[in-house]
file final_14.cif (mmCIF, C-alpha atoms)
data_entry
#
loop_
_atom_site.group_PDB
_atom_site.id
_atom_site.type_symbol
_atom_site.label_atom_id
_atom_site.label_comp_id
_atom_site.auth_asym_id
_atom_site.auth_seq_id
_atom_site.Cartn_x
_atom_site.Cartn_y
_atom_site.Cartn_z
ATOM 1 C CA MET S 7 1.697 51.003 130.809
ATOM 2 C CA GLU S 8 3.760 51.723 127.750
ATOM 3 C CA ILE S 9 7.451 50.945 128.018
ATOM 4 C CA GLN S 10 9.836 52.734 125.688
ATOM 5 C CA HIS S 11 12.679 50.244 125.735
ATOM 6 C CA ILE S 12 13.179 46.716 126.973
ATOM 7 C CA VAL S 13 16.406 44.734 126.873
ATOM 8 C CA SER S 14 16.167 41.276 128.397
ATOM 9 C CA GLY S 15 19.117 39.333 129.764
ATOM 10 C CA PHE S 16 17.449 35.967 130.097
ATOM 11 C CA SER S 17 17.751 32.619 128.402
ATOM 12 C CA SER S 18 15.552 29.554 128.222
ATOM 13 C CA LYS S 19 16.601 26.088 129.343
ATOM 14 C CA LEU S 20 14.866 23.436 127.295
ATOM 15 C CA SER S 21 16.296 20.012 126.468
ATOM 16 C CA HIS S 22 19.678 18.937 125.057
ATOM 17 C CA THR S 23 21.975 17.619 122.298
ATOM 18 C CA PRO S 24 21.269 19.388 119.012
ATOM 19 C CA SER S 25 23.770 19.246 116.198
ATOM 20 C CA ALA S 26 24.073 22.156 113.796
ATOM 21 C CA PRO S 27 27.031 23.998 112.271
ATOM 22 C CA ILE S 28 28.199 26.668 114.686
ATOM 23 C CA GLY S 29 27.258 30.147 113.559
ATOM 24 C CA LYS S 30 24.709 28.956 110.992
ATOM 25 C CA GLN S 31 21.247 30.469 111.108
ATOM 26 C CA ILE S 32 18.985 27.445 111.115
ATOM 27 C CA CYS S 33 15.498 28.905 111.019
ATOM 28 C CA SER S 34 13.432 32.054 110.975
ATOM 29 C CA LEU S 35 9.799 31.794 112.034
ATOM 30 C CA LYS S 36 6.819 33.342 113.685
ATOM 31 C CA PHE S 37 7.323 32.966 117.422
ATOM 32 C CA PRO S 38 5.987 29.789 119.089
ATOM 33 C CA SER S 39 3.788 29.736 122.166
ATOM 34 C CA LEU S 40 6.900 29.227 124.310
ATOM 35 C CA LEU S 41 7.648 32.955 124.464
ATOM 36 C CA SER S 42 4.210 34.417 123.827
ATOM 37 C CA SER S 43 3.525 35.245 127.468
ATOM 38 C CA SER S 44 6.781 37.176 127.842
ATOM 39 C CA TYR S 45 6.787 38.844 124.426
ATOM 40 C CA PRO S 46 3.152 39.097 123.272
ATOM 41 C CA SER S 47 3.761 41.123 120.101
ATOM 42 C CA LEU S 48 6.834 39.515 118.623
ATOM 43 C CA GLN S 49 7.298 39.728 114.890
ATOM 44 C CA SER S 50 9.867 36.945 114.470
ATOM 45 C CA GLN S 51 12.757 35.009 115.984
ATOM 46 C CA ASN S 52 16.002 34.085 114.287
ATOM 47 C CA PHE S 53 17.819 31.014 115.602
ATOM 48 C CA GLU S 54 21.549 30.502 115.250
ATOM 49 C CA ALA S 55 23.734 27.609 116.396
ATOM 50 C CA LEU S 56 26.327 28.771 118.931
ATOM 51 C CA SER S 57 27.981 25.561 120.129
ATOM 52 C CA GLY S 58 27.326 21.857 120.591
ATOM 53 C CA ASP S 59 24.040 22.102 122.486
ATOM 54 C CA CYS S 60 23.283 25.812 122.419
ATOM 55 C CA TYR S 61 21.279 27.966 120.032
ATOM 56 C CA SER S 62 20.853 31.730 120.103
ATOM 57 C CA ILE S 63 17.507 33.437 119.517
ATOM 58 C CA ASN S 64 17.535 37.005 118.251
ATOM 59 C CA ILE S 65 14.134 38.437 119.136
ATOM 60 C CA ALA S 66 12.742 41.546 117.479
ATOM 61 C CA LYS S 67 9.412 43.351 117.342
ATOM 62 C CA LYS S 68 8.255 45.580 114.542
ATOM 63 C CA GLY S 69 8.721 49.143 115.730
ATOM 64 C CA GLY S 70 11.694 48.302 117.920
ATOM 65 C CA CYS S 71 9.975 47.930 121.295
ATOM 66 C CA TYR S 72 11.594 44.607 122.166
ATOM 67 C CA SER S 73 15.237 43.863 121.672
ATOM 68 C CA SER S 74 16.593 40.666 123.181
ATOM 69 C CA ARG S 75 19.064 37.840 122.698
ATOM 70 C CA ARG S 76 18.328 34.493 124.333
ATOM 71 C CA LYS S 77 20.012 31.121 124.408
ATOM 72 C CA VAL S 78 18.093 27.865 124.202
ATOM 73 C CA TRP S 79 19.063 24.209 124.434
ATOM 74 C CA CYS S 80 17.048 21.626 122.510
ATOM 75 C CA SER S 81 17.372 18.343 120.689
ATOM 76 C CA ASN S 82 17.399 19.738 117.153
ATOM 77 C CA SER S 83 16.395 22.663 115.013
ATOM 78 C CA ARG S 84 13.038 21.094 114.173
ATOM 79 C CA ASP S 85 12.181 21.066 117.866
ATOM 80 C CA ILE S 86 12.967 24.764 118.169
ATOM 81 C CA ALA S 87 10.386 25.615 115.547
ATOM 82 C CA ASP S 88 7.688 23.380 117.039
ATOM 83 C CA PRO S 89 5.324 25.458 119.243
ATOM 84 C CA ASN S 90 3.714 22.318 120.716
ATOM 85 C CA LYS S 91 6.743 20.830 122.475
ATOM 86 C CA GLY S 92 5.760 22.272 125.831
ATOM 87 C CA TYR S 93 9.228 23.515 126.748
ATOM 88 C CA GLU S 94 9.766 24.679 130.290
ATOM 89 C CA GLU S 95 11.534 28.001 130.549
ATOM 90 C CA ARG S 96 14.168 28.677 133.175
ATOM 91 C CA ALA S 97 15.461 32.206 133.668
ATOM 92 C CA GLN S 98 19.225 32.300 133.341
ATOM 93 C CA VAL S 99 21.473 35.281 132.681
ATOM 94 C CA THR S 100 23.535 35.289 129.513
ATOM 95 C CA GLY S 101 26.046 37.749 128.121
ATOM 96 C CA ARG S 102 29.122 39.247 129.682
ATOM 97 C CA ARG S 103 29.303 40.073 133.362
ATOM 98 C CA LYS S 104 28.962 43.768 134.125
ATOM 99 C CA LYS S 105 31.881 45.688 135.598
ATOM 100 C CA LEU S 106 31.050 47.636 138.754
ATOM 101 C CA ALA S 107 32.806 50.459 140.606
ATOM 102 C CA VAL S 108 31.749 51.097 144.209
ATOM 103 C CA PHE S 109 32.333 54.358 146.092
ATOM 104 C CA VAL S 110 32.537 54.325 149.918
ATOM 105 C CA SER S 111 33.597 56.611 152.747
ATOM 106 C CA GLY S 112 33.192 54.277 155.718
ATOM 107 C CA GLY S 113 32.728 50.637 156.646
ATOM 108 C CA GLY S 114 31.072 49.751 153.363
ATOM 109 C CA SER S 115 28.443 47.257 154.562
ATOM 110 C CA ASN S 116 26.425 47.640 151.334
ATOM 111 C CA PHE S 117 29.628 47.235 149.343
ATOM 112 C CA LYS S 118 30.286 43.977 151.190
ATOM 113 C CA ALA S 119 26.712 42.748 150.603
ATOM 114 C CA ILE S 120 26.992 43.365 146.848
ATOM 115 C CA HIS S 121 30.440 41.767 146.679
ATOM 116 C CA GLU S 122 29.189 38.664 148.494
ATOM 117 C CA ALA S 123 26.210 38.442 146.130
ATOM 118 C CA ALA S 124 28.549 38.632 143.135
ATOM 119 C CA LYS S 125 30.686 35.831 144.592
ATOM 120 C CA ARG S 126 27.551 33.714 145.148
ATOM 121 C CA GLY S 127 26.555 34.267 141.536
ATOM 122 C CA SER S 128 23.255 36.050 142.148
ATOM 123 C CA VAL S 129 24.727 39.285 140.740
ATOM 124 C CA HIS S 130 25.884 38.874 137.138
ATOM 125 C CA GLY S 131 28.736 41.312 137.590
ATOM 126 C CA ASP S 132 31.988 41.971 139.410
ATOM 127 C CA ILE S 133 33.255 44.825 141.556
ATOM 128 C CA ILE S 134 36.499 45.655 139.805
ATOM 129 C CA VAL S 135 37.475 48.821 141.684
ATOM 130 C CA LEU S 136 36.690 50.655 144.921
ATOM 131 C CA VAL S 137 36.790 54.461 145.055
ATOM 132 C CA THR S 138 37.067 56.188 148.415
ATOM 133 C CA ASN S 139 37.899 59.562 149.911
ATOM 134 C CA LYS S 140 39.315 57.829 153.013
ATOM 135 C CA SER S 141 42.081 55.398 152.142
ATOM 136 C CA GLU S 142 42.067 53.741 155.593
ATOM 137 C CA CYS S 143 38.310 53.295 155.979
ATOM 138 C CA GLY S 144 36.785 49.869 156.601
ATOM 139 C CA GLY S 145 35.526 49.583 153.037
ATOM 140 C CA ALA S 146 39.002 50.180 151.619
ATOM 141 C CA GLU S 147 40.490 47.613 153.978
ATOM 142 C CA TYR S 148 37.892 45.045 152.912
ATOM 143 C CA ALA S 149 38.633 45.775 149.243
ATOM 144 C CA ARG S 150 42.376 45.227 149.694
ATOM 145 C CA ASN S 151 41.734 41.995 151.565
ATOM 146 C CA ASN S 152 39.672 40.810 148.598
ATOM 147 C CA ASP S 153 42.142 41.916 145.906
ATOM 148 C CA ILE S 154 39.953 44.780 144.706
ATOM 149 C CA PRO S 155 42.004 47.837 143.610
ATOM 150 C CA VAL S 156 41.428 51.005 145.660
ATOM 151 C CA ILE S 157 41.426 54.517 144.160
ATOM 152 C CA LEU S 158 41.566 57.667 146.273
ATOM 153 C CA PHE S 159 39.187 60.417 145.193
ATOM 154 C CA PRO S 160 39.196 63.271 145.731
ATOM 155 C CA LYS S 161 42.763 63.775 146.817
ATOM 156 C CA ALA S 162 42.983 64.750 150.490
ATOM 157 C CA LYS S 163 45.488 67.269 151.830
ATOM 158 C CA GLU S 164 47.203 64.668 153.996
ATOM 159 C CA GLU S 165 47.389 62.085 151.189
ATOM 160 C CA SER S 166 50.230 61.825 148.697
ATOM 161 C CA GLU S 167 48.027 60.144 146.087
ATOM 162 C CA GLY S 168 44.610 60.815 144.621
ATOM 163 C CA LEU S 169 42.875 61.628 141.359
ATOM 164 C CA CYS S 170 41.266 64.735 139.935
ATOM 165 C CA PRO S 171 37.800 64.380 138.326
ATOM 166 C CA ASN S 172 39.058 64.030 134.746
ATOM 167 C CA ASP S 173 41.658 61.459 135.780
ATOM 168 C CA LEU S 174 38.963 59.503 137.614
ATOM 169 C CA VAL S 175 36.751 59.473 134.513
ATOM 170 C CA ASP S 176 39.674 58.329 132.355
ATOM 171 C CA THR S 177 40.567 55.567 134.813
ATOM 172 C CA LEU S 178 37.018 54.200 135.041
ATOM 173 C CA ARG S 179 36.687 54.276 131.263
ATOM 174 C CA ARG S 180 39.947 52.387 130.831
ATOM 175 C CA LEU S 181 38.622 49.788 133.256
ATOM 176 C CA GLU S 182 35.427 49.610 131.142
ATOM 177 C CA VAL S 183 33.201 50.215 134.167
ATOM 178 C CA ASP S 184 29.493 49.801 133.365
ATOM 179 C CA PHE S 185 27.885 51.067 136.576
ATOM 180 C CA ILE S 186 28.957 53.170 139.548
ATOM 181 C CA LEU S 187 27.406 52.342 142.920
ATOM 182 C CA LEU S 188 27.637 54.796 145.806
ATOM 183 C CA ALA S 189 27.510 52.963 149.132
ATOM 184 C CA GLY S 190 27.999 55.449 151.928
ATOM 185 C CA TYR S 191 30.125 57.867 149.878
ATOM 186 C CA LEU S 192 29.757 61.312 151.444
ATOM 187 C CA LYS S 193 31.257 63.552 148.761
ATOM 188 C CA LEU S 194 29.315 65.260 145.973
ATOM 189 C CA ILE S 195 29.947 63.484 142.668
ATOM 190 C CA PRO S 196 31.690 65.789 140.168
ATOM 191 C CA VAL S 197 29.774 66.855 137.082
ATOM 192 C CA GLU S 198 32.493 65.361 134.854
ATOM 193 C CA LEU S 199 31.671 61.899 136.158
ATOM 194 C CA ILE S 200 27.894 62.388 135.948
ATOM 195 C CA ARG S 201 28.161 63.429 132.289
ATOM 196 C CA ALA S 202 30.487 60.534 131.458
ATOM 197 C CA TYR S 203 28.199 57.976 133.159
ATOM 198 C CA GLU S 204 24.735 59.343 132.488
ATOM 199 C CA LYS S 205 22.023 57.115 133.988
ATOM 200 C CA SER S 206 24.727 54.750 135.236
ATOM 201 C CA ILE S 207 25.467 56.117 138.732
ATOM 202 C CA PHE S 208 23.342 55.044 141.704
ATOM 203 C CA ASN S 209 23.158 55.919 145.377
ATOM 204 C CA ILE S 210 21.388 54.473 148.400
ATOM 205 C CA HIS S 211 19.889 56.799 151.013
ATOM 206 C CA PRO S 212 18.521 55.702 154.419
ATOM 207 C CA SER S 213 15.119 57.419 154.143
ATOM 208 C CA LEU S 214 12.144 57.435 151.802
ATOM 209 C CA LEU S 215 13.175 60.247 149.495
ATOM 210 C CA PRO S 216 12.325 62.999 148.866
ATOM 211 C CA ALA S 217 11.785 63.148 152.642
ATOM 212 C CA PHE S 218 14.864 63.641 154.835
ATOM 213 C CA GLY S 219 17.297 64.050 151.959
ATOM 214 C CA GLY S 220 19.699 66.700 150.749
ATOM 215 C CA LYS S 221 22.972 68.153 151.937
ATOM 216 C CA GLY S 222 23.725 67.296 155.558
ATOM 217 C CA HIS S 223 21.248 64.426 155.706
ATOM 218 C CA TYR S 224 23.326 61.280 156.044
ATOM 219 C CA GLY S 225 23.886 58.433 158.466
ATOM 220 C CA MET S 226 22.437 58.708 161.949
ATOM 221 C CA LYS S 227 21.326 62.305 161.297
ATOM 222 C CA VAL S 228 18.651 60.971 158.957
ATOM 223 C CA HIS S 229 17.240 58.497 161.478
ATOM 224 C CA LYS S 230 17.175 61.096 164.249
ATOM 225 C CA ALA S 231 15.249 63.461 161.969
ATOM 226 C CA VAL S 232 12.759 60.738 161.015
ATOM 227 C CA ILE S 233 12.019 59.901 164.664
ATOM 228 C CA ALA S 234 11.770 63.565 165.660
ATOM 229 C CA SER S 235 9.259 64.192 162.861
ATOM 230 C CA GLY S 236 6.844 61.558 164.114
ATOM 231 C CA ALA S 237 6.894 59.704 160.777
ATOM 232 C CA ARG S 238 5.442 56.187 161.043
ATOM 233 C CA PHE S 239 7.459 54.745 158.168
ATOM 234 C CA SER S 240 10.970 55.024 156.802
ATOM 235 C CA GLY S 241 13.248 52.875 154.671
ATOM 236 C CA PRO S 242 16.008 52.949 152.060
ATOM 237 C CA THR S 243 15.809 54.594 148.652
ATOM 238 C CA ILE S 244 17.997 53.806 145.654
ATOM 239 C CA HIS S 245 18.129 56.608 143.121
ATOM 240 C CA TYR S 246 20.034 57.808 140.092
ATOM 241 C CA VAL S 247 22.730 60.359 140.890
ATOM 242 C CA ASP S 248 22.576 63.837 139.408
ATOM 243 C CA GLU S 249 24.490 67.021 140.177
ATOM 244 C CA HIS S 250 22.805 67.569 143.554
ATOM 245 C CA TYR S 251 22.417 65.612 146.779
ATOM 246 C CA ASP S 252 19.548 63.084 146.703
ATOM 247 C CA THR S 253 17.524 64.645 143.868
ATOM 248 C CA GLY S 254 17.951 62.052 141.109
ATOM 249 C CA ARG S 255 15.165 59.801 139.835
ATOM 250 C CA ILE S 256 14.019 57.202 142.366
ATOM 251 C CA LEU S 257 14.564 53.628 141.176
ATOM 252 C CA ALA S 258 13.558 51.524 144.210
ATOM 253 C CA GLN S 259 12.370 51.865 147.791
ATOM 254 C CA ARG S 260 11.674 49.540 150.699
ATOM 255 C CA VAL S 261 9.373 50.541 153.571
ATOM 256 C CA VAL S 262 10.083 49.730 157.226
ATOM 257 C CA PRO S 263 8.005 50.753 160.256
ATOM 258 C CA VAL S 264 9.101 53.370 162.747
ATOM 259 C CA LEU S 265 8.109 51.970 166.126
ATOM 260 C CA ALA S 266 6.847 54.080 169.011
ATOM 261 C CA ASN S 267 9.891 53.578 171.233
ATOM 262 C CA ASP S 268 12.563 53.468 168.535
ATOM 263 C CA THR S 269 15.907 55.102 169.067
ATOM 264 C CA ALA S 270 17.888 56.304 166.088
ATOM 265 C CA GLU S 271 20.086 53.246 166.523
ATOM 266 C CA ASP S 272 17.071 50.907 166.460
ATOM 267 C CA LEU S 273 15.730 52.467 163.283
ATOM 268 C CA SER S 274 19.172 52.527 161.674
ATOM 269 C CA ALA S 275 19.619 48.786 162.200
ATOM 270 C CA ARG S 276 16.181 48.020 160.755
ATOM 271 C CA VAL S 277 16.741 50.206 157.696
ATOM 272 C CA LEU S 278 20.249 48.854 157.135
ATOM 273 C CA ARG S 279 18.996 45.273 156.909
ATOM 274 C CA GLU S 280 16.651 46.348 154.129
ATOM 275 C CA GLU S 281 19.394 48.384 152.459
ATOM 276 C CA HIS S 282 21.502 45.253 152.004
ATOM 277 C CA ARG S 283 18.597 43.321 150.478
ATOM 278 C CA LEU S 284 17.371 46.148 148.256
ATOM 279 C CA TYR S 285 20.758 47.184 146.879
ATOM 280 C CA VAL S 286 21.583 43.606 145.916
ATOM 281 C CA GLU S 287 18.213 43.234 144.176
ATOM 282 C CA VAL S 288 18.740 46.457 142.233
ATOM 283 C CA VAL S 289 22.282 45.510 141.208
ATOM 284 C CA GLU S 290 20.985 42.137 140.043
ATOM 285 C CA ALA S 291 18.483 43.982 137.826
ATOM 286 C CA LEU S 292 21.151 46.362 136.507
ATOM 287 C CA CYS S 293 23.472 43.535 135.560
ATOM 288 C CA GLU S 294 20.617 41.700 133.829
ATOM 289 C CA ASP S 295 19.479 44.793 131.862
ATOM 290 C CA ARG S 296 16.096 44.818 133.591
ATOM 291 C CA ILE S 297 15.718 48.599 133.987
ATOM 292 C CA VAL S 298 12.976 50.104 131.812
ATOM 293 C CA TRP S 299 11.774 53.680 131.421
ATOM 294 C CA ARG S 300 8.210 54.912 131.401
ATOM 295 C CA ASN S 301 7.271 57.605 128.895
ATOM 296 C CA ASP S 302 7.281 60.209 131.665
ATOM 297 C CA GLY S 303 10.914 59.407 132.534
ATOM 298 C CA VAL S 304 10.293 57.253 135.605
ATOM 299 C CA PRO S 305 12.642 54.245 135.831
ATOM 300 C CA LEU S 306 11.144 50.861 136.705
ATOM 301 C CA ILE S 307 12.541 47.402 137.364
ATOM 302 C CA GLN S 308 11.403 44.547 135.174
ATOM 303 C CA SER S 309 10.409 41.405 137.054
ATOM 304 C CA LYS S 310 12.844 38.526 136.714
ATOM 305 C CA GLU S 311 10.031 35.978 136.675
ATOM 306 C CA ASN S 312 7.682 37.867 134.347
ATOM 307 C CA PRO S 313 9.170 40.487 131.972
ATOM 308 C CA ASN S 314 5.688 42.011 131.521
ATOM 309 C CA GLU S 315 5.616 43.075 135.183
ATOM 310 C CA THR S 316 7.486 46.107 136.505
ATOM 311 C CA TYR S 317 7.795 47.705 139.915
#
call {"tool": "encode", "arguments": {"input": "final_14.cif", "output": "structure tokens"}}
result
Amino acid sequence: MEIQHIVSGFSSKLSHTPSAPIGKQICSLKFPSLLSSSYPSLQSQNFEALSGDCYSINIAKKGGCYSSRRKVWCSNSRDIADPNKGYEERAQVTGRRKKLAVFVSGGGSNFKAIHEAAKRGSVHGDIIVLVTNKSECGGAEYARNNDIPVILFPKAKEESEGLCPNDLVDTLRRLEVDFILLAGYLKLIPVELIRAYEKSIFNIHPSLLPAFGGKGHYGMKVHKAVIASGARFSGPTIHYVDEHYDTGRILAQRVVPVLANDTAEDLSARVLREEHRLYVEVVEALCEDRIVWRNDGVPLIQSKENPNETY
């Protein structure tokens, strides 16, 4: 499978205590065996001292397929260049934490799951703002209790505050938001926002799209329709957001069984458990720059353990 673009957010943990002038490039070489399994066609690596025990590797491949920046720790610059040292790699995210905006209309259980994952450190990002069309919903209350600013959008008739689409775009840009995550937000996203955040807005839907999606298919209505259809499987779908309901490119899915005697409530609870797991996994990948695109425009997630594997 040919991948058009790969940006890795990983580093390698080796040994310790080098001493080199900070900011000085200390070697340029053909890549050692250390990284050959992850980057089989590398042209070269440039090493630069960052701080007391940390070096940066700028990795490039002729033709521009790979583009990555890693950090390594080692005893000295000679060790870096030695392909026979037998270093043990440990995946670790480097670079700045991503800034996330979450949109909710209700209790926000997926919002809470992502926020908890960010606090634990498994998500290399932070939810810096919550957007809602219901200022008193459970998600908004949770945000305020956790010192996350709340924005009302779109403005409701009974509300004295609220933003128009252009103001919302301007606000998110000022906050330097990287990704927008819809988590039970029931309003259609305005085209102004989609154009401003192309390929950066995501939604989770409680069925295996394209089945049981589209306008009017949300919440318990979806699970009732799945059971009534006789489908044997369901599950959450995370997809890119476009100008229509549930028609954007599918990024990830998780399958759950539909049991013979399921009620809509039974199926909803089973799907929701997988929603929380799947959304956190996808946000982890987003914040680590592990989304790649196939030549036919299908997005895939790069494995954290093996960058050559996608799913």
call {"tool": "resolve_selection", "arguments": {"input": "final_14.cif", "expression": "the PyMOL selection byres ((chain S and resi 154-156) around 7)", "output": "PDB file with C-alpha atoms, in the coordinates of the input"}}
result
ATOM      1  CA  ILE S 134      36.499  45.655 139.805  1.00  0.00           C
ATOM      2  CA  VAL S 135      37.475  48.821 141.684  1.00  0.00           C
ATOM      3  CA  LEU S 136      36.690  50.655 144.921  1.00  0.00           C
ATOM      4  CA  VAL S 137      36.790  54.461 145.055  1.00  0.00           C
ATOM      5  CA  ALA S 146      39.002  50.180 151.619  1.00  0.00           C
ATOM      6  CA  ALA S 149      38.633  45.775 149.243  1.00  0.00           C
ATOM      7  CA  ARG S 150      42.376  45.227 149.694  1.00  0.00           C
ATOM      8  CA  ASN S 152      39.672  40.810 148.598  1.00  0.00           C
ATOM      9  CA  ASP S 153      42.142  41.916 145.906  1.00  0.00           C
ATOM     10  CA  ILE S 157      41.426  54.517 144.160  1.00  0.00           C
ATOM     11  CA  LEU S 158      41.566  57.667 146.273  1.00  0.00           C
TER      12      LEU S 158
END
call {"tool": "resolve_selection", "arguments": {"input": "final_14.cif", "expression": "the PyMOL selection byres ((chain S and resi 109) around 7)", "output": "list of chain:residue names"}}
result
S:Ala107, S:Val108, S:Val110, S:Leu136, S:Val137, S:Thr138, S:Leu187, S:Leu188, S:Ala189, S:Tyr191
call {"tool": "atom_distance", "arguments": {"input": "final_14.cif", "atom1": "atom CA of S:Gly127", "atom2": "atom CA of S:Ile210"}}
result
22.0 Å
call {"tool": "atom_distance", "arguments": {"input": "final_14.cif", "atom1": "atom CA of S:Ser213", "atom2": "atom CA of S:Pro242"}}
result
5.0 Å
call {"tool": "atom_distance", "arguments": {"input": "final_14.cif", "atom1": "atom CA of S:Glu290", "atom2": "atom CA of S:Asn139"}}
result
26.2 Å
call {"tool": "resolve_selection", "arguments": {"input": "final_14.cif", "expression": "the PyMOL selection byres ((chain S and resi 200-205) around 8)", "output": "PyMOL selection string"}}
result
chain S and resi 175+185+195-199+206-207+246-249
call {"tool": "write_last_selection", "arguments": {"input": "final_14.cif", "atoms": "C-alpha atoms", "output": "mmCIF file, in the frame of the given file"}}
result
data_model
loop_
_atom_site.group_PDB
_atom_site.id
_atom_site.type_symbol
_atom_site.label_atom_id
_atom_site.label_comp_id
_atom_site.auth_asym_id
_atom_site.auth_seq_id
_atom_site.Cartn_x
_atom_site.Cartn_y
_atom_site.Cartn_z
ATOM 1 C CA VAL S 175 36.751 59.473 134.513
ATOM 2 C CA PHE S 185 27.885 51.067 136.576
ATOM 3 C CA ILE S 195 29.947 63.484 142.668
ATOM 4 C CA PRO S 196 31.690 65.789 140.168
ATOM 5 C CA VAL S 197 29.774 66.855 137.082
ATOM 6 C CA GLU S 198 32.493 65.361 134.854
ATOM 7 C CA LEU S 199 31.671 61.899 136.158
ATOM 8 C CA SER S 206 24.727 54.750 135.236
ATOM 9 C CA ILE S 207 25.467 56.117 138.732
ATOM 10 C CA TYR S 246 20.034 57.808 140.092
ATOM 11 C CA VAL S 247 22.730 60.359 140.890
ATOM 12 C CA ASP S 248 22.576 63.837 139.408
ATOM 13 C CA GLU S 249 24.490 67.021 140.177
#
call {"tool": "residues_around", "arguments": {"input": "final_14.cif", "residues": "S:His223", "least_positions_apart": "5", "cutoff": "12 Å", "atoms": "all atoms listed in the file", "output": "JSON, numbers by chain"}}
result
{"S": [190, 192, 211, 212, 213, 215, 216, 217, 218, 228, 229, 230, 231, 232, 251, 252]}
call {"tool": "closest_residue", "arguments": {"input": "final_14.cif", "among": "S:Asp184, S:Glu280, S:Asp272, S:Glu142", "to": "S:Ala119", "atoms": "only C-alpha atoms"}}
result
S:Glu280
call {"tool": "closest_residue", "arguments": {"input": "final_14.cif", "among": "S:Val277, S:Leu265, S:Val286, S:Leu292", "to": "S:Ala124", "atoms": "all atoms listed in the file"}}
result
S:Val286
